[in-house]
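As provided, my_file-v8.csv (CSV, N, CA and C atoms and all ligand atoms) reads as follows.
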```
chain,number,residue,atom,x,y,z
A,141,MET,N,0.8,-1.2,0.0
A,141,MET,CA,0.0,0.0,0.0
A,141,MET,C,0.9,1.3,0.0
A,142,HIS,N,1.9,1.2,0.8
A,142,HIS,CA,2.8,2.4,0.9
A,142,HIS,C,3.5,2.6,-0.5
A,143,ARG,N,3.8,1.5,-1.1
A,143,ARG,CA,4.5,1.7,-2.4
A,143,ARG,C,3.6,2.3,-3.4
A,144,ARG,N,2.3,1.9,-3.4
A,144,ARG,CA,1.3,2.5,-4.3
A,144,ARG,C,1.3,4.0,-4.1
A,145,ALA,N,1.2,4.4,-2.8
A,145,ALA,CA,1.1,5.8,-2.5
A,145,ALA,C,2.3,6.6,-3.0
A,146,LEU,N,3.4,5.9,-2.8
A,146,LEU,CA,4.7,6.6,-3.3
A,146,LEU,C,4.7,6.7,-4.8
A,147,LEU,N,4.3,5.7,-5.5
A,147,LEU,CA,4.2,5.7,-6.9
A,147,LEU,C,3.3,6.8,-7.4
A,148,LEU,N,2.1,6.9,-6.8
A,148,LEU,CA,1.1,7.9,-7.2
A,148,LEU,C,1.7,9.3,-7.0
A,149,PHE,N,2.4,9.5,-5.9
A,149,PHE,CA,3.1,10.7,-5.6
A,149,PHE,C,4.1,11.1,-6.7
A,150,LEU,N,4.9,10.1,-7.1
A,150,LEU,CA,5.9,10.3,-8.1
A,150,LEU,C,5.3,10.7,-9.4
A,151,VAL,N,4.2,10.0,-9.8
A,151,VAL,CA,3.6,10.3,-11.0
A,151,VAL,C,3.0,11.8,-11.0
A,152,LEU,N,2.3,12.1,-9.9
A,152,LEU,CA,1.8,13.4,-9.8
A,152,LEU,C,2.9,14.5,-9.9
A,153,PHE,N,4.0,14.2,-9.2
A,153,PHE,CA,5.1,15.1,-9.2
A,153,PHE,C,5.6,15.3,-10.6
A,154,ALA,N,5.8,14.2,-11.3
A,154,ALA,CA,6.3,14.3,-12.7
A,154,ALA,C,5.3,15.1,-13.6
A,155,VAL,N,4.0,14.9,-13.4
A,155,VAL,CA,3.1,15.6,-14.2
A,155,VAL,C,3.2,17.1,-13.9
A,156,ALA,N,3.3,17.4,-12.6
A,156,ALA,CA,3.3,18.8,-12.2
A,156,ALA,C,4.6,19.5,-12.7
A,157,ALA,N,5.7,18.7,-12.6
A,157,ALA,CA,7.0,19.3,-13.1
A,157,ALA,C,6.9,19.6,-14.6
A,158,ARG,N,6.2,18.7,-15.3
A,158,ARG,CA,6.1,18.8,-16.8
A,158,ARG,C,5.3,20.1,-17.1
A,159,ALA,N,4.2,20.3,-16.3
A,159,ALA,CA,3.3,21.4,-16.6
A,159,ALA,C,4.1,22.7,-16.6
A,160,GLU,N,5.1,22.7,-15.7
A,160,GLU,CA,5.9,23.9,-15.6
A,160,GLU,C,6.9,24.1,-16.8
A,161,GLY,N,7.0,23.1,-17.7
A,161,GLY,CA,7.9,23.2,-18.8
A,161,GLY,C,9.3,22.8,-18.4
A,162,PRO,N,10.3,23.2,-19.2
A,162,PRO,CA,11.7,22.9,-18.8
A,162,PRO,C,12.0,23.4,-17.5
A,163,ASP,N,12.9,22.8,-16.8
A,163,ASP,CA,13.3,23.2,-15.4
A,163,ASP,C,13.9,24.6,-15.4
A,164,GLN,N,13.0,25.5,-14.9
A,164,GLN,CA,13.4,26.9,-14.9
A,164,GLN,C,14.6,27.1,-13.9
A,165,GLY,N,14.6,26.4,-12.8
A,165,GLY,CA,15.7,26.5,-11.8
A,165,GLY,C,17.1,26.1,-12.4
A,166,ALA,N,17.1,25.0,-13.1
A,166,ALA,CA,18.3,24.5,-13.7
A,166,ALA,C,18.8,25.4,-14.8
A,167,GLN,N,17.8,26.0,-15.5
A,167,GLN,CA,18.1,26.9,-16.5
A,167,GLN,C,18.8,28.2,-16.0
A,168,LEU,N,18.3,28.7,-14.9
A,168,LEU,CA,18.9,29.9,-14.3
A,168,LEU,C,20.3,29.6,-13.7
A,169,ALA,N,20.4,28.4,-13.1
A,169,ALA,CA,21.7,28.0,-12.5
A,169,ALA,C,22.8,27.9,-13.6
A,170,ARG,N,22.4,27.3,-14.7
A,170,ARG,CA,23.4,27.0,-15.7
A,170,ARG,C,23.6,28.1,-16.8
A,171,PHE,N,22.5,28.8,-17.1
A,171,PHE,CA,22.6,29.8,-18.2
A,171,PHE,C,22.3,31.2,-17.8
A,172,GLY,N,21.8,31.4,-16.6
A,172,GLY,CA,21.5,32.8,-16.1
A,172,GLY,C,20.4,33.4,-17.0
A,173,LYS,N,20.5,34.8,-17.0
A,173,LYS,CA,19.5,35.5,-17.8
A,173,LYS,C,20.4,36.6,-18.5
A,174,TRP,N,21.1,36.2,-19.5
A,174,TRP,CA,22.0,37.1,-20.2
A,174,TRP,C,21.3,38.3,-20.8
A,175,ASP,N,20.0,38.0,-21.2
A,175,ASP,CA,19.3,39.1,-21.8
A,175,ASP,C,19.2,40.4,-20.9
A,176,ILE,N,19.2,40.1,-19.6
A,176,ILE,CA,19.2,41.3,-18.7
A,176,ILE,C,20.5,41.3,-17.9
A,177,GLY,N,21.6,40.6,-18.4
A,177,GLY,CA,22.9,40.8,-17.8
A,177,GLY,C,23.1,40.0,-16.5
A,178,ILE,N,22.3,38.9,-16.3
A,178,ILE,CA,22.5,38.1,-15.1
A,178,ILE,C,23.3,36.8,-15.5
A,179,PRO,N,24.5,36.7,-14.9
A,179,PRO,CA,25.3,35.5,-15.2
A,179,PRO,C,24.7,34.3,-14.5
A,180,PRO,N,25.0,33.1,-15.0
A,180,PRO,CA,24.5,31.8,-14.3
A,180,PRO,C,25.0,31.8,-12.9
A,181,CYS,N,24.1,31.3,-12.0
A,181,CYS,CA,24.5,31.2,-10.6
A,181,CYS,C,25.8,30.3,-10.4
A,182,ASP,N,25.8,29.3,-11.2
A,182,ASP,CA,26.9,28.3,-11.1
A,182,ASP,C,28.3,29.0,-11.4
A,183,LYS,N,28.3,30.1,-12.2
A,183,LYS,CA,29.5,30.7,-12.5
A,183,LYS,C,30.2,31.3,-11.3
A,184,CYS,N,29.4,31.8,-10.4
A,184,CYS,CA,30.0,32.3,-9.1
A,184,CYS,C,30.0,31.2,-8.0
A,185,HIS,N,28.9,30.4,-8.0
A,185,HIS,CA,28.7,29.5,-6.9
A,185,HIS,C,29.3,28.1,-7.1
A,186,GLY,N,30.0,27.9,-8.3
A,186,GLY,CA,30.6,26.7,-8.6
A,186,GLY,C,29.6,25.7,-9.3
A,187,THR,N,30.1,24.7,-9.9
A,187,THR,CA,29.3,23.7,-10.6
A,187,THR,C,28.3,23.1,-9.6
A,188,ASP,N,27.1,23.1,-10.0
A,188,ASP,CA,26.0,22.6,-9.2
A,188,ASP,C,26.0,23.2,-7.8
A,189,GLY,N,26.5,24.4,-7.7
A,189,GLY,CA,26.4,25.2,-6.5
A,189,GLY,C,27.3,24.6,-5.3
A,190,ARG,N,28.4,24.0,-5.7
A,190,ARG,CA,29.2,23.4,-4.7
A,190,ARG,C,30.1,24.4,-3.9
A,191,GLY,N,30.1,25.6,-4.4
A,191,GLY,CA,30.8,26.7,-3.7
A,191,GLY,C,32.2,26.9,-4.2
A,192,ILE,N,32.7,28.1,-4.2
A,192,ILE,CA,34.1,28.4,-4.5
A,192,ILE,C,34.7,29.2,-3.4
A,193,PRO,N,35.3,28.6,-2.4
A,193,PRO,CA,35.8,29.3,-1.2
A,193,PRO,C,36.9,30.3,-1.6
A,194,PRO,N,37.1,31.3,-0.9
A,194,PRO,CA,36.3,31.7,0.3
A,194,PRO,C,35.2,32.6,0.0
A,195,HIS,N,35.0,33.1,-1.2
A,195,HIS,CA,34.0,34.2,-1.4
A,195,HIS,C,32.7,33.8,-1.9
A,196,PHE,N,32.6,32.6,-2.5
A,196,PHE,CA,31.3,32.2,-3.1
A,196,PHE,C,30.7,31.0,-2.4
A,197,PRO,N,29.8,31.2,-1.5
A,197,PRO,CA,29.2,30.1,-0.7
A,197,PRO,C,28.6,29.0,-1.5
A,198,ALA,N,28.6,27.8,-0.9
A,198,ALA,CA,27.9,26.7,-1.6
A,198,ALA,C,26.4,26.9,-1.4
A,199,LEU,N,25.7,26.5,-2.4
A,199,LEU,CA,24.2,26.5,-2.3
A,199,LEU,C,23.6,25.1,-2.3
A,200,ALA,N,24.4,24.1,-2.8
A,200,ALA,CA,23.9,22.8,-2.9
A,200,ALA,C,23.5,22.3,-1.5
A,201,GLY,N,22.3,21.7,-1.5
A,201,GLY,CA,21.7,21.0,-0.3
A,201,GLY,C,21.2,22.0,0.8
A,202,LEU,N,21.2,23.3,0.5
A,202,LEU,CA,20.6,24.2,1.5
A,202,LEU,C,19.1,24.1,1.5
A,203,PRO,N,18.4,24.3,2.6
A,203,PRO,CA,17.0,24.3,2.6
A,203,PRO,C,16.4,25.3,1.6
A,204,ALA,N,15.5,25.0,0.8
A,204,ALA,CA,14.9,25.9,-0.2
A,204,ALA,C,14.4,27.2,0.4
A,205,SER,N,13.8,27.0,1.6
A,205,SER,CA,13.3,28.2,2.3
A,205,SER,C,14.5,29.2,2.7
A,206,TYR,N,15.6,28.7,3.0
A,206,TYR,CA,16.8,29.5,3.3
A,206,TYR,C,17.2,30.3,2.1
A,207,ILE,N,17.3,29.6,1.0
A,207,ILE,CA,17.7,30.2,-0.3
A,207,ILE,C,16.7,31.3,-0.7
A,208,ILE,N,15.4,31.0,-0.6
A,208,ILE,CA,14.4,32.0,-0.9
A,208,ILE,C,14.5,33.3,0.0
A,209,ASP,N,14.6,33.0,1.3
A,209,ASP,CA,14.8,34.1,2.3
A,209,ASP,C,16.0,35.0,1.9
A,210,ALA,N,17.1,34.3,1.6
A,210,ALA,CA,18.3,35.1,1.3
A,210,ALA,C,18.1,36.0,0.0
A,211,LEU,N,17.5,35.4,-1.0
A,211,LEU,CA,17.3,36.1,-2.2
A,211,LEU,C,16.3,37.3,-2.0
A,212,GLN,N,15.3,37.1,-1.2
A,212,GLN,CA,14.4,38.2,-0.9
A,212,GLN,C,15.1,39.3,-0.1
A,213,ALA,N,16.0,38.9,0.8
A,213,ALA,CA,16.7,39.9,1.6
A,213,ALA,C,17.6,40.7,0.7
A,214,PHE,N,18.3,40.0,-0.3
A,214,PHE,CA,19.2,40.8,-1.2
A,214,PHE,C,18.3,41.7,-2.1
A,215,ARG,N,17.2,41.2,-2.6
A,215,ARG,CA,16.4,42.0,-3.5
A,215,ARG,C,15.9,43.2,-2.8
A,216,SER,N,15.5,43.1,-1.5
A,216,SER,CA,14.9,44.3,-0.8
A,216,SER,C,16.0,45.1,-0.1
A,217,ASP,N,17.3,44.8,-0.4
A,217,ASP,CA,18.4,45.5,0.2
A,217,ASP,C,18.5,45.4,1.7
A,218,THR,N,17.8,44.4,2.3
A,218,THR,CA,17.8,44.1,3.7
A,218,THR,C,19.2,43.5,4.0
A,219,ARG,N,19.6,42.6,3.1
A,219,ARG,CA,20.9,42.0,3.3
A,219,ARG,C,21.9,42.7,2.4
A,220,ARG,N,23.0,43.2,2.9
A,220,ARG,CA,23.9,44.0,2.1
A,220,ARG,C,25.3,43.5,2.3
A,221,SER,N,25.5,42.2,2.7
A,221,SER,CA,26.8,41.7,3.0
A,221,SER,C,27.6,41.3,1.7
A,222,ASP,N,26.9,41.4,0.5
A,222,ASP,CA,27.6,40.9,-0.7
A,222,ASP,C,28.5,42.0,-1.2
A,223,PRO,N,29.8,41.5,-1.5
A,223,PRO,CA,30.8,42.5,-2.0
A,223,PRO,C,30.3,43.0,-3.4
A,224,GLN,N,30.4,44.3,-3.5
A,224,GLN,CA,30.1,45.0,-4.8
A,224,GLN,C,28.6,44.9,-5.2
A,225,GLY,N,27.8,44.5,-4.2
A,225,GLY,CA,26.3,44.3,-4.5
A,225,GLY,C,26.0,43.2,-5.6
A,226,LEU,N,26.9,42.3,-5.6
A,226,LEU,CA,26.8,41.2,-6.7
A,226,LEU,C,25.4,40.5,-6.6
A,227,MET,N,25.1,40.0,-5.4
A,227,MET,CA,23.8,39.3,-5.2
A,227,MET,C,22.6,40.2,-5.3
A,228,ARG,N,22.8,41.4,-4.8
A,228,ARG,CA,21.6,42.3,-4.9
A,228,ARG,C,21.2,42.5,-6.4
A,229,ARG,N,22.2,42.7,-7.2
A,229,ARG,CA,22.0,42.8,-8.6
A,229,ARG,C,21.3,41.6,-9.2
A,230,VAL,N,21.8,40.4,-8.9
A,230,VAL,CA,21.2,39.2,-9.4
A,230,VAL,C,19.7,39.1,-8.9
A,231,ALA,N,19.5,39.3,-7.6
A,231,ALA,CA,18.2,39.1,-7.0
A,231,ALA,C,17.1,40.0,-7.6
A,232,LYS,N,17.6,41.3,-7.9
A,232,LYS,CA,16.6,42.3,-8.4
A,232,LYS,C,16.1,41.9,-9.8
A,233,GLY,N,16.8,41.0,-10.5
A,233,GLY,CA,16.4,40.6,-11.8
A,233,GLY,C,15.5,39.4,-11.8
A,234,LEU,N,15.2,38.8,-10.7
A,234,LEU,CA,14.4,37.6,-10.6
A,234,LEU,C,13.0,37.8,-10.0
A,235,SER,N,12.1,37.0,-10.4
A,235,SER,CA,10.7,37.0,-9.9
A,235,SER,C,10.6,36.0,-8.7
A,236,ASP,N,9.5,36.1,-7.9
A,236,ASP,CA,9.3,35.1,-6.9
A,236,ASP,C,9.3,33.7,-7.4
A,237,GLU,N,8.7,33.5,-8.6
A,237,GLU,CA,8.6,32.2,-9.2
A,237,GLU,C,10.0,31.7,-9.5
A,238,GLU,N,10.9,32.6,-10.0
A,238,GLU,CA,12.2,32.1,-10.3
A,238,GLU,C,13.0,31.8,-9.0
A,239,PHE,N,12.8,32.6,-7.9
A,239,PHE,CA,13.4,32.3,-6.6
A,239,PHE,C,13.1,30.9,-6.2
A,240,ALA,N,11.8,30.6,-6.3
A,240,ALA,CA,11.3,29.2,-5.9
A,240,ALA,C,11.9,28.1,-6.7
A,241,ALA,N,12.0,28.4,-8.1
A,241,ALA,CA,12.5,27.3,-9.0
A,241,ALA,C,14.0,27.1,-8.7
A,242,VAL,N,14.7,28.2,-8.5
A,242,VAL,CA,16.2,28.0,-8.4
A,242,VAL,C,16.5,27.5,-7.0
A,243,ALA,N,15.7,27.8,-6.0
A,243,ALA,CA,15.9,27.3,-4.7
A,243,ALA,C,15.6,25.8,-4.6
A,244,ARG,N,14.6,25.3,-5.4
A,244,ARG,CA,14.4,23.9,-5.5
A,244,ARG,C,15.5,23.2,-6.1
A,245,HIS,N,16.0,23.8,-7.2
A,245,HIS,CA,17.1,23.2,-7.9
A,245,HIS,C,18.3,23.0,-7.0
A,246,TYR,N,18.7,24.0,-6.3
A,246,TYR,CA,19.9,23.9,-5.4
A,246,TYR,C,19.7,23.0,-4.2
A,247,HIS,N,18.5,23.0,-3.7
A,247,HIS,CA,18.2,22.2,-2.6
A,247,HIS,C,18.5,20.7,-2.9
A,248,VAL,N,18.2,20.2,-4.1
A,248,VAL,CA,18.4,18.8,-4.4
A,248,VAL,C,19.8,18.5,-4.9
A,249,GLN,N,20.7,19.5,-5.1
A,249,GLN,CA,22.0,19.2,-5.5
A,249,GLN,C,22.8,18.6,-4.3
A,250,LYS,N,23.8,17.8,-4.6
A,250,LYS,CA,24.6,17.1,-3.6
A,250,LYS,C,25.6,18.1,-3.0
A,251,ARG,N,25.7,18.1,-1.7
A,251,ARG,CA,26.8,19.0,-1.1
A,251,ARG,C,28.2,18.4,-1.4
A,252,ALA,N,29.1,19.3,-1.5
A,252,ALA,CA,30.5,18.9,-1.7
A,252,ALA,C,30.9,18.0,-0.5
A,253,PRO,N,31.7,16.9,-0.7
A,253,PRO,CA,32.1,16.1,0.4
A,253,PRO,C,33.0,16.8,1.4
B,301,LIG,C1,28.5,37.5,-9.9
B,301,LIG,C2,28.6,36.5,-8.9
B,301,LIG,C3,27.3,35.8,-8.4
B,301,LIG,C4,26.3,35.3,-9.1
B,301,LIG,C5,26.1,35.3,-10.6
B,301,LIG,C6,25.3,34.7,-8.2
B,301,LIG,N1,25.8,34.9,-6.9
B,301,LIG,FE1,24.8,34.3,-5.2
B,301,LIG,N2,26.4,35.1,-4.1
B,301,LIG,C7,27.5,35.7,-4.6
B,301,LIG,C8,28.3,36.1,-3.5
B,301,LIG,C9,29.6,36.9,-3.6
B,301,LIG,C10,27.6,35.8,-2.3
B,301,LIG,C11,28.1,36.0,-0.8
B,301,LIG,C12,27.4,37.2,-0.3
B,301,LIG,C13,27.3,37.4,1.1
B,301,LIG,O1,28.1,36.8,1.9
B,301,LIG,O2,26.4,38.1,1.6
B,301,LIG,C14,26.4,35.1,-2.7
B,301,LIG,C15,25.5,34.6,-1.8
B,301,LIG,C16,24.3,33.9,-2.2
B,301,LIG,C17,23.4,33.4,-1.3
B,301,LIG,C18,23.5,33.4,0.2
B,301,LIG,C19,24.2,32.1,0.7
B,301,LIG,C20,24.3,32.0,2.2
B,301,LIG,O3,25.0,31.1,2.6
B,301,LIG,O4,23.7,32.8,2.9
B,301,LIG,C21,22.4,32.8,-2.0
B,301,LIG,C22,21.2,32.0,-1.5
B,301,LIG,C23,22.7,33.0,-3.4
B,301,LIG,N3,23.9,33.7,-3.5
B,301,LIG,C24,22.0,32.5,-4.5
B,301,LIG,C25,22.3,32.8,-5.8
B,301,LIG,C26,21.5,32.4,-6.9
B,301,LIG,C27,20.2,31.5,-6.8
B,301,LIG,C28,22.1,32.8,-8.0
B,301,LIG,C29,21.6,32.7,-9.5
B,301,LIG,C30,20.2,33.2,-9.7
B,301,LIG,C31,23.3,33.5,-7.6
B,301,LIG,N4,23.4,33.5,-6.3
B,301,LIG,C32,24.2,34.1,-8.5
B,301,LIG,C33,27.8,35.9,-5.9
B,301,LIG,C34,27.0,35.5,-7.0
```
Could I get this file's structure written as structure tokens?
Ligand code: HEC
Amino acid sequence: MHRRALLLFLVLFAVAARAEGPDQGAQLARFGKWDIGIPPCDKCHGTDGRGIPPHFPALAGLPASYIIDALQAFRSDTRRSDPQGLMRRVAKGLSDEEFAAVARHYHVQKRAP
């Protein structure tokens, strides 16, 4: 019975993911939004968000809610810890929907060992 429920969940999840079209989060992470000058997140945060110490923190495996909160704080200038306003610039170019998609994307990436 449990397996059935799990299977049903997976099918529904796949259908929902498809309805959204190509994975918007992965798209942002790997290709950015060059049309408005936003580089791919992975360029600064490392492949699959594994981080490039000491200045570019890892995103892989972080709770999606943490990532969304951070992006909102950068966008509203509440968080100003980013050198040269790098993250504030990135966050100001993204919608709430894009925050959620990219947060989901990084949440499921594997953390660096
Ligand atoms: C031009 C380089 C650059 C790009 C591109 C970039 N970031 Fe960042 N990001 C940074 C830097 C530098 C910091 C560290 C800022 C700080 O300490 O406040 C940071 C911090 C963050 C944090 C906070 C992490 C923490 O541990 O609190 C999140 C979340 C984040 N970035 C998400 C993203 C996402 C999602 C994208 C793509 C849409 C992205 N970043 C693109 C440079 C970048």
Query - One-decimal distance in Å that lies between atom CA of A:Ile207 and atom C of A:Pro223 - result: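 These two atoms are separated by 18.2 Å.
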Requested in this report: Find the distance between atom N3 of ligand LIG 301 (chain B) and atom CA of A:Ala243 and write it in Å to one decimal.
Outcome: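 Value for the atom N3 of ligand LIG 301 (chain B)-atom CA of A:Ala243 distance: 10.3 Å.
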Query - Separation of atom CA of A:Pro162 from atom C16 of ligand LIG 301 (chain B) in Å - result: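 Atom-to-atom, atom C16 of ligand LIG 301 (chain B) and atom CA of A:Pro162 are spaced 23.6 Å apart.
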Report task. Return as a PyMOL selection string every polymer residue, whether protein, DNA or RNA, with at least one atom no more than 7 Å from an atom of ligand LIG 301 (chain B); count only N, CA and C atoms and all ligand atoms. Result -> chain A and resi 168-169+172+178-185+195-199+206-211+219-223+226-227+230-231+239+242-243
Query raised in the report: What are the DSSP strand (DSSP E or B) residues of chain A, as a PyMOL selection string?
Result: chain A and resi 173+178+192+196
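If you measure from each of A:Arg229, A:Arg143, A:Pro194, A:Ser205 to A:Gly177 using all atoms listed in the file, the closest one turns out to be A:Arg229.
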Query raised in the report: Looking at only N, CA and C atoms, which of A:Ala252, A:Ala145, A:Leu202, A:Ala213 is the one that sits closest to A:Arg228?
Result: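 Ranked by minimum distance to A:Arg228, first place goes to A:Ala213.
For the set A:Arg251, A:Arg170, A:Arg244, A:Arg144, the residue with the smallest atom-to-atom gap to A:Ala204 is A:Arg244, counting all atoms listed in the file.
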Query raised in the report: Of the candidates A:Gly201, A:Asp175, A:Gly186, A:Pro193, which one gets nearest to A:His245 if we count all atoms listed in the file?
Result: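 For A:His245, the nearest of the given residues is A:Gly201.
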For stretch 210-225 of chain A, I'd like the enclosing box, axis-aligned and padded by 8 Å on every side, reported as JSON with centre and edge lengths in Å to one decimal.
```
{"center_x": 22.6, "center_y": 39.9, "center_z": -0.8, "size_x": 32.4, "size_y": 27.2, "size_z": 25.6}
```
Report task. Extract the full set of helix (DSSP H, G or I) residues from chain A according to DSSP on the backbone, and format it as JSON, numbers by chain. Result -> {"A": [142, 143, 144, 145, 146, 147, 148, 149, 150, 151, 152, 153, 154, 155, 156, 157, 158, 159, 164, 165, 166, 167, 168, 169, 170, 171, 174, 175, 176, 181, 182, 183, 184, 185, 187, 188, 189, 204, 205, 206, 207, 208, 209, 210, 211, 212, 213, 214, 215, 223, 224, 225, 226, 227, 228, 229, 230, 231, 232, 236, 237, 238, 239, 240, 241, 242, 243, 244, 245, 246, 247]}
Requested in this report: May I ask which of the residues A:His247, A:Ala200, A:Ala241, A:Gln167 is the closest one to A:Thr187, counting only N, CA and C atoms?
Outcome: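 Of all the options, A:Ala200 lies closest to A:Thr187.
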